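Pasted below: protein17.txt, compact mmCIF, C-alpha atoms (C1' of nucleotides).
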```
# COMPACT_ATOMS: atom_id res chain seq x y z
CA MET A 259 -88.14 38.19 -64.23
CA LYS A 260 -86.55 36.52 -61.24
CA LEU A 261 -86.25 32.73 -61.47
CA LYS A 262 -88.55 30.94 -59.06
CA ARG A 263 -87.80 27.97 -56.88
CA ASP A 264 -89.37 25.60 -59.40
CA PHE A 265 -86.55 26.40 -61.80
CA TYR A 266 -83.97 25.02 -59.38
CA ASN A 267 -86.05 22.06 -58.26
CA ARG A 268 -85.21 19.98 -61.35
CA ASP A 269 -82.59 17.69 -62.79
CA THR A 270 -79.20 19.25 -62.06
CA LEU A 271 -77.81 18.80 -65.58
CA ILE A 272 -80.83 20.58 -67.04
CA VAL A 273 -80.52 23.43 -64.55
CA ALA A 274 -76.80 23.76 -65.35
CA GLU A 275 -77.51 24.03 -69.05
CA GLU A 276 -80.48 26.36 -68.70
CA LEU A 277 -78.61 28.75 -66.41
CA LEU A 278 -76.53 29.78 -69.44
CA GLY A 279 -77.67 33.19 -70.68
CA LYS A 280 -79.45 34.05 -67.44
CA THR A 281 -78.44 37.10 -65.40
CA LEU A 282 -76.83 36.86 -61.98
CA VAL A 283 -77.78 39.86 -59.80
CA HIS A 284 -76.26 41.06 -56.53
CA ASN A 285 -77.66 44.11 -54.75
CA ILE A 286 -75.11 45.43 -52.28
CA ASN A 287 -74.63 48.77 -50.54
CA GLY A 288 -77.21 50.42 -52.78
CA LYS A 289 -75.41 49.26 -55.91
CA VAL A 290 -76.48 46.70 -58.48
CA LEU A 291 -74.03 44.23 -59.97
CA LYS A 292 -75.17 42.10 -62.90
CA GLY A 293 -73.55 39.52 -65.14
CA LYS A 294 -74.65 37.07 -67.79
CA ILE A 295 -73.90 33.47 -66.89
CA VAL A 296 -71.69 31.97 -69.61
CA GLU A 297 -70.23 28.84 -68.00
CA THR A 298 -71.51 26.29 -65.46
CA GLU A 299 -70.71 22.86 -64.06
CA ALA A 300 -73.05 20.30 -62.51
CA TYR A 301 -72.07 18.43 -59.34
CA LEU A 302 -74.18 15.35 -58.75
CA GLY A 303 -74.05 14.20 -55.16
CA VAL A 304 -73.97 10.52 -54.47
CA ILE A 305 -72.50 9.07 -57.66
CA ASP A 306 -70.06 11.88 -58.42
CA LYS A 307 -66.56 11.60 -56.95
CA ALA A 308 -65.92 15.25 -57.73
CA ALA A 309 -68.82 16.44 -55.57
CA HIS A 310 -68.41 17.42 -51.93
CA SER A 311 -71.41 15.23 -51.21
CA TYR A 312 -70.01 12.14 -52.94
CA GLY A 313 -71.31 8.91 -51.47
CA GLY A 314 -73.79 10.81 -49.33
CA LYS A 315 -71.06 12.48 -47.30
CA ARG A 316 -72.72 14.87 -44.89
CA THR A 317 -70.58 17.39 -42.98
CA PRO A 318 -71.27 20.92 -41.74
CA ARG A 319 -69.78 22.42 -44.87
CA VAL A 320 -71.95 20.53 -47.37
CA GLU A 321 -75.16 20.71 -45.34
CA ILE A 322 -76.52 23.46 -47.61
CA MET A 323 -76.37 21.05 -50.56
CA TYR A 324 -78.84 18.79 -48.77
CA GLY A 325 -81.28 21.62 -48.19
CA PHE A 326 -84.10 22.98 -50.34
CA PRO A 327 -83.36 24.15 -53.90
CA GLY A 328 -82.64 27.73 -54.96
CA ARG A 329 -80.08 28.62 -52.32
CA ALA A 330 -76.44 29.69 -52.68
CA TYR A 331 -73.69 27.30 -51.60
CA ILE A 332 -70.52 29.36 -51.26
CA TYR A 333 -67.31 27.84 -49.98
CA ILE A 334 -63.64 28.83 -49.76
CA ILE A 335 -61.08 27.09 -51.91
CA TYR A 336 -57.27 27.30 -51.71
CA GLY A 337 -57.59 29.55 -48.72
CA MET A 338 -58.56 32.65 -50.65
CA TYR A 339 -61.25 32.19 -53.26
CA TYR A 340 -65.00 31.95 -52.89
CA LEU A 341 -66.93 29.73 -55.31
CA LEU A 342 -70.63 30.24 -55.99
CA ASN A 343 -72.93 27.28 -56.45
CA VAL A 344 -76.69 27.06 -56.85
CA VAL A 345 -78.41 24.23 -54.97
CA THR A 346 -80.74 22.08 -57.08
CA LYS A 347 -83.32 19.33 -56.54
CA GLU A 348 -85.55 18.73 -53.59
CA GLU A 349 -84.50 18.68 -49.97
CA GLY A 350 -82.34 15.66 -49.11
CA ILE A 351 -80.68 15.37 -52.54
CA PRO A 352 -77.25 17.05 -52.39
CA GLU A 353 -76.66 18.44 -55.87
CA ALA A 354 -75.58 21.85 -57.14
CA VAL A 355 -74.37 23.90 -60.09
CA LEU A 356 -71.09 25.83 -59.99
CA ILE A 357 -71.08 29.19 -61.78
CA ARG A 358 -67.70 29.38 -63.53
CA GLY A 359 -67.95 32.47 -65.71
CA ILE A 360 -70.08 35.56 -66.22
CA GLN A 361 -70.03 38.49 -68.63
CA PRO A 362 -70.36 41.85 -66.82
CA LEU A 363 -73.58 43.69 -67.67
CA GLU A 364 -74.07 46.32 -64.97
CA GLY A 365 -71.88 47.82 -62.26
CA ILE A 366 -68.71 47.11 -64.25
CA GLY A 367 -66.92 50.06 -62.66
CA GLU A 368 -67.62 48.58 -59.26
CA MET A 369 -66.31 45.21 -60.43
CA ALA A 370 -63.06 46.86 -61.57
CA LEU A 371 -62.63 48.34 -58.11
CA ASN A 372 -63.39 45.04 -56.42
CA ARG A 373 -60.87 43.15 -58.55
CA TYR A 374 -58.07 45.63 -59.20
CA LYS A 375 -58.78 48.67 -57.01
CA LYS A 376 -58.76 50.67 -60.22
CA SER A 377 -61.40 52.45 -62.27
CA LEU A 378 -62.67 50.75 -65.41
CA ASP A 379 -60.88 53.17 -67.79
CA GLU A 380 -57.53 52.25 -66.21
CA LEU A 381 -57.88 48.58 -67.13
CA THR A 382 -56.28 46.89 -70.11
CA LYS A 383 -58.44 44.77 -72.41
CA LYS A 384 -57.00 41.67 -70.85
CA GLN A 385 -57.89 42.88 -67.36
CA ILE A 386 -61.46 43.56 -68.44
CA ILE A 387 -61.82 39.96 -69.61
CA ASN A 388 -60.12 38.85 -66.41
CA LEU A 389 -62.74 40.58 -64.29
CA THR A 390 -65.10 37.62 -64.29
CA ASN A 391 -63.81 34.74 -66.47
CA GLY A 392 -63.40 32.25 -63.65
CA PRO A 393 -65.27 31.12 -60.54
CA GLY A 394 -62.91 32.79 -58.05
CA LYS A 395 -62.64 35.95 -60.13
CA LEU A 396 -66.37 36.48 -60.55
CA SER A 397 -66.93 36.09 -56.82
CA LYS A 398 -64.41 38.85 -56.14
CA ALA A 399 -65.94 41.09 -58.81
CA MET A 400 -69.51 40.48 -57.65
CA ASN A 401 -68.60 40.82 -53.97
CA LEU A 402 -69.69 37.30 -53.08
CA GLU A 403 -68.31 35.97 -49.83
CA LYS A 404 -68.91 33.78 -46.82
CA SER A 405 -71.85 35.71 -45.42
CA LEU A 406 -73.88 34.84 -48.53
CA ASN A 407 -73.51 31.10 -47.99
CA GLY A 408 -77.05 29.76 -47.69
CA GLU A 409 -78.61 32.92 -49.13
CA ASP A 410 -82.03 32.27 -50.66
CA LEU A 411 -81.90 33.09 -54.37
CA CYS A 412 -85.63 33.70 -54.28
CA GLY A 413 -84.94 36.77 -52.10
CA ASP A 414 -83.90 40.31 -53.04
CA ARG A 415 -80.16 40.45 -52.36
CA LEU A 416 -78.73 37.75 -54.58
CA TYR A 417 -80.76 36.15 -57.34
CA ILE A 418 -80.87 35.10 -60.99
CA GLU A 419 -83.22 36.54 -63.60
CA GLU A 420 -84.14 35.83 -67.21
CA GLY A 421 -81.62 37.00 -69.81
CA SER A 422 -82.43 39.06 -72.89
CA ASN A 423 -80.75 37.27 -75.78
CA ASN A 424 -81.03 33.52 -75.60
CA LYS A 425 -79.60 32.73 -78.99
CA PHE A 426 -76.30 30.92 -78.65
CA ASP A 427 -74.76 27.51 -79.12
CA ILE A 428 -73.84 25.42 -76.09
CA ILE A 429 -70.65 23.41 -75.77
CA THR A 430 -70.60 20.42 -73.41
CA ASP A 431 -67.25 19.32 -71.98
CA LYS A 432 -65.42 17.79 -69.04
CA ARG A 433 -65.19 19.73 -65.81
CA ILE A 434 -62.13 21.73 -64.75
CA GLY A 435 -59.76 21.12 -61.85
CA ILE A 436 -60.98 17.74 -60.63
CA ASP A 437 -58.21 15.41 -61.78
CA TYR A 438 -58.42 13.51 -58.50
CA ALA A 439 -61.98 12.35 -59.23
CA GLU A 440 -61.09 9.15 -61.11
CA GLU A 441 -63.84 8.13 -63.56
CA ALA A 442 -65.91 11.21 -62.67
CA LYS A 443 -63.28 13.56 -64.06
CA ASP A 444 -64.42 12.71 -67.57
CA PHE A 445 -68.15 13.18 -67.00
CA PRO A 446 -69.52 15.74 -69.51
CA PHE A 447 -70.97 18.02 -66.85
CA ARG A 448 -69.56 21.38 -67.95
CA PHE A 449 -71.55 23.74 -70.17
CA TYR A 450 -70.59 27.01 -71.78
CA ILE A 451 -71.66 29.50 -74.43
CA GLU A 452 -69.71 28.96 -77.62
CA GLY A 453 -67.41 31.85 -78.48
CA ASN A 454 -67.99 33.89 -75.33
CA LYS A 455 -64.85 35.64 -74.07
CA TYR A 456 -65.75 35.18 -70.42
CA VAL A 457 -65.54 31.39 -70.50
CA SER A 458 -62.70 30.44 -68.15
CA LYS A 459 -60.95 27.80 -70.20
CA ILE A 460 -61.30 26.34 -73.66
CA LEU A 461 -59.89 22.83 -73.82
CA LYS A 462 -58.16 21.88 -76.99
CA LYS A 463 -59.34 18.66 -78.53
C1' DC B 36 -48.17 29.71 -76.47
C1' DC B 37 -47.04 26.31 -72.25
C1' DC B 38 -45.67 24.80 -67.64
C1' DA B 39 -44.27 25.40 -62.67
C1' DT B 40 -44.87 27.52 -58.43
C1' DG B 41 -46.45 30.04 -54.32
C1' DA B 42 -50.13 32.14 -51.85
C1' DT B 43 -53.17 30.98 -47.91
C1' DG B 44 -57.06 29.02 -44.74
C1' DC B 45 -60.55 25.92 -43.89
C1' DC B 46 -62.32 21.32 -43.81
C1' DC B 47 -61.99 16.71 -42.61
C1' DT B 48 -59.47 12.44 -41.24
C1' DG C 230 -51.41 17.15 -41.42
C1' DG C 231 -52.99 16.61 -46.36
C1' DG C 232 -55.45 18.39 -49.86
C1' DC C 233 -58.32 21.50 -52.31
C1' DA C 234 -64.47 22.73 -57.97
C1' DT C 235 -58.11 28.82 -58.18
C1' DC C 236 -55.35 32.66 -59.67
C1' DA C 237 -51.28 35.56 -60.68
C1' DT C 238 -46.77 35.63 -61.93
C1' DG C 239 -42.59 34.44 -64.11
C1' DG C 240 -39.76 31.81 -67.07
C1' DG C 241 -39.05 29.04 -71.38
C1' DT C 242 -40.29 27.93 -76.33
```
Any chance you could put this one into structure tokens?
Amino acid sequence: MKLKRDFYNRDTLIVAEELLGKTLVHNINGKVLKGKIVETEAYLGVIDKAAHSYGGKRTPRVEIMYGFPGRAYIYIIYGMYYLLNVVTKEEGIPEAVLIRGIQPLEGIGEMALNRYKKSLDELTKKQIINLTNGPGKLSKAMNLEKSLNGEDLCGDRLYIEEGSNNKFDIITDKRIGIDYAEEAKDFPFRFYIEGNKYVSKILKK
DNA sequence: CCCATGATGCCCT
DNA sequence: GGGCATCATGGGT
């Protein structure tokens, strides 16, 4: 069952948490790529120094965040990686959830080609984990790029559907890679499935 | 295990 | 021109 727009039109922290265990689907070139979402981060517009929309900043790049919920916000970071976000809340409120890790479910051979230009049986165990255990990596594996920025997740190309097993414990933690964000760097806005190998980073306590 | 570094391009000031 | 919601690699411990 594909998630409907109502799912995304809610509190961003709740959406971030409830996206765990759901299945990200990308239909491309007649192939189906699927992965279970295992790690997310919430970015809360106006009050959140780590968000692109902090303080109500409105530029061409972040415009999608101000739009209606249930669309993809995909941007380039460090010149070479695409990061996938899901826009939440009603039009005018610039919030989103970053997908930071997925566990491959379908089309794994295709993901191996996308990431390493090798077939799945040529990969080491470490490379298999490395297929999708990070926001830049999963975009490469799932073939997500610039042209999908603004894509409606209530359409048929890129969407999220219900998962099958929803029994897991959730860890809440600080977000990754936002040391510049002053007090916001410690906000507990990161969520992941306890024990899952495709979580990008486990912080030691 | 940890830390340092380079790659590389777009956005925004 | 500075900086970035990252990753791969290479060295040390």
Taking only C-alpha atoms (C1' of nucleotides) into account, which residues of chain B are within 9 Å of chain A, as a ChimeraX atom specification?
-> /B:42-47
Protein, DNA and RNA residues within 12 Å of (-46.5, 33.7, -53.5), all atoms listed in the file, as a short mmCIF file (atom, residue, chain, number, x, y, z; two decimals) with C-alpha atoms (C1' of nucleotides), in the coordinates of the input:
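Dumped to out28.cif:
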```
data_model
loop_
_atom_site.label_atom_id
_atom_site.label_comp_id
_atom_site.auth_asym_id
_atom_site.auth_seq_id
_atom_site.Cartn_x
_atom_site.Cartn_y
_atom_site.Cartn_z
"C1'" DT B 40 -44.87 27.52 -58.43
"C1'" DG B 41 -46.45 30.04 -54.32
"C1'" DA B 42 -50.13 32.14 -51.85
"C1'" DT B 43 -53.17 30.98 -47.91
"C1'" DC C 236 -55.35 32.66 -59.67
"C1'" DA C 237 -51.28 35.56 -60.68
"C1'" DT C 238 -46.77 35.63 -61.93
"C1'" DG C 239 -42.59 34.44 -64.11
#
```
Find the nearest atom pair between each residue of chain A and chain C for residues within 9 Å, count only C-alpha atoms (C1' of nucleotides), give distances in Å to one decimal, sort rows by chain and ascending number, and present the table as JSON lines.
```
{"residue": "A:Glu299", "atom": "CA", "partner": "C:DA234", "partner_atom": "C1'", "distance": 8.7}
{"residue": "A:Tyr301", "atom": "CA", "partner": "C:DA234", "partner_atom": "C1'", "distance": 8.8}
{"residue": "A:Ala308", "atom": "CA", "partner": "C:DA234", "partner_atom": "C1'", "distance": 7.6}
{"residue": "A:Ala309", "atom": "CA", "partner": "C:DA234", "partner_atom": "C1'", "distance": 8.0}
{"residue": "A:His310", "atom": "CA", "partner": "C:DA234", "partner_atom": "C1'", "distance": 9.0}
{"residue": "A:Ile335", "atom": "CA", "partner": "C:DC233", "partner_atom": "C1'", "distance": 6.2}
{"residue": "A:Tyr336", "atom": "CA", "partner": "C:DC233", "partner_atom": "C1'", "distance": 5.9}
{"residue": "A:Gly337", "atom": "CA", "partner": "C:DC233", "partner_atom": "C1'", "distance": 8.8}
{"residue": "A:Met338", "atom": "CA", "partner": "C:DT235", "partner_atom": "C1'", "distance": 8.5}
{"residue": "A:Tyr339", "atom": "CA", "partner": "C:DT235", "partner_atom": "C1'", "distance": 6.7}
{"residue": "A:Leu341", "atom": "CA", "partner": "C:DA234", "partner_atom": "C1'", "distance": 7.9}
{"residue": "A:Leu356", "atom": "CA", "partner": "C:DA234", "partner_atom": "C1'", "distance": 7.6}
{"residue": "A:Gly392", "atom": "CA", "partner": "C:DT235", "partner_atom": "C1'", "distance": 8.3}
{"residue": "A:Pro393", "atom": "CA", "partner": "C:DT235", "partner_atom": "C1'", "distance": 7.9}
{"residue": "A:Gly394", "atom": "CA", "partner": "C:DT235", "partner_atom": "C1'", "distance": 6.2}
{"residue": "A:Lys395", "atom": "CA", "partner": "C:DC236", "partner_atom": "C1'", "distance": 8.0}
{"residue": "A:Arg433", "atom": "CA", "partner": "C:DA234", "partner_atom": "C1'", "distance": 8.4}
{"residue": "A:Ile434", "atom": "CA", "partner": "C:DA234", "partner_atom": "C1'", "distance": 7.2}
{"residue": "A:Gly435", "atom": "CA", "partner": "C:DA234", "partner_atom": "C1'", "distance": 6.3}
{"residue": "A:Ile436", "atom": "CA", "partner": "C:DA234", "partner_atom": "C1'", "distance": 6.6}
```
Between atom CA of A:Phe445 and atom CA of A:Asp306, what is the distance, to one decimal in Å?
->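 These two atoms are separated by 8.9 Å.
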Can you sort out the box for chain C, edges along x, y and z, all listed atoms in, 6 Å on every side, with centre and edge lengths in Å to one decimal, as AutoDock Vina command-line options?
```
--center_x -51.8 --center_y 26.1 --center_z -58.9 --size_x 37.4 --size_y 31.0 --size_z 46.9
```
Around (-74.7, 32.5, -66.0) in the file's own coordinates, what residues are found within 6 Å if you use all atoms listed in the file, given back as number ranges by chain?
-> A: 277-281, 294-296, 360
Rank nothing, just name the residue among A:Ile451, A:Leu406, A:Leu261, A:Ile387 nearest to A:Asn424, using only C-alpha atoms.
->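 The answer is A:Ile451, which sits nearest to A:Asn424.
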For atom CA of A:Glu409 and atom CA of A:Thr346, the interatomic separation in Å (one decimal) |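 Distance between the two atoms: 13.6 Å.
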In Å, with one decimal, what is the gap from atom CA of A:Glu441 to atom CA of A:Leu271?
->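 Computed distance, atom CA of A:Glu441 to atom CA of A:Leu271, equals 17.7 Å.
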Name all residues at most 12 Å from A:Lys315 (count all atoms listed in the file; drop same-chain ones fewer than 6 positions away) and give them as number ranges by chain.
-> A: 303-309, 321, 323-324, 350-353; B: 47
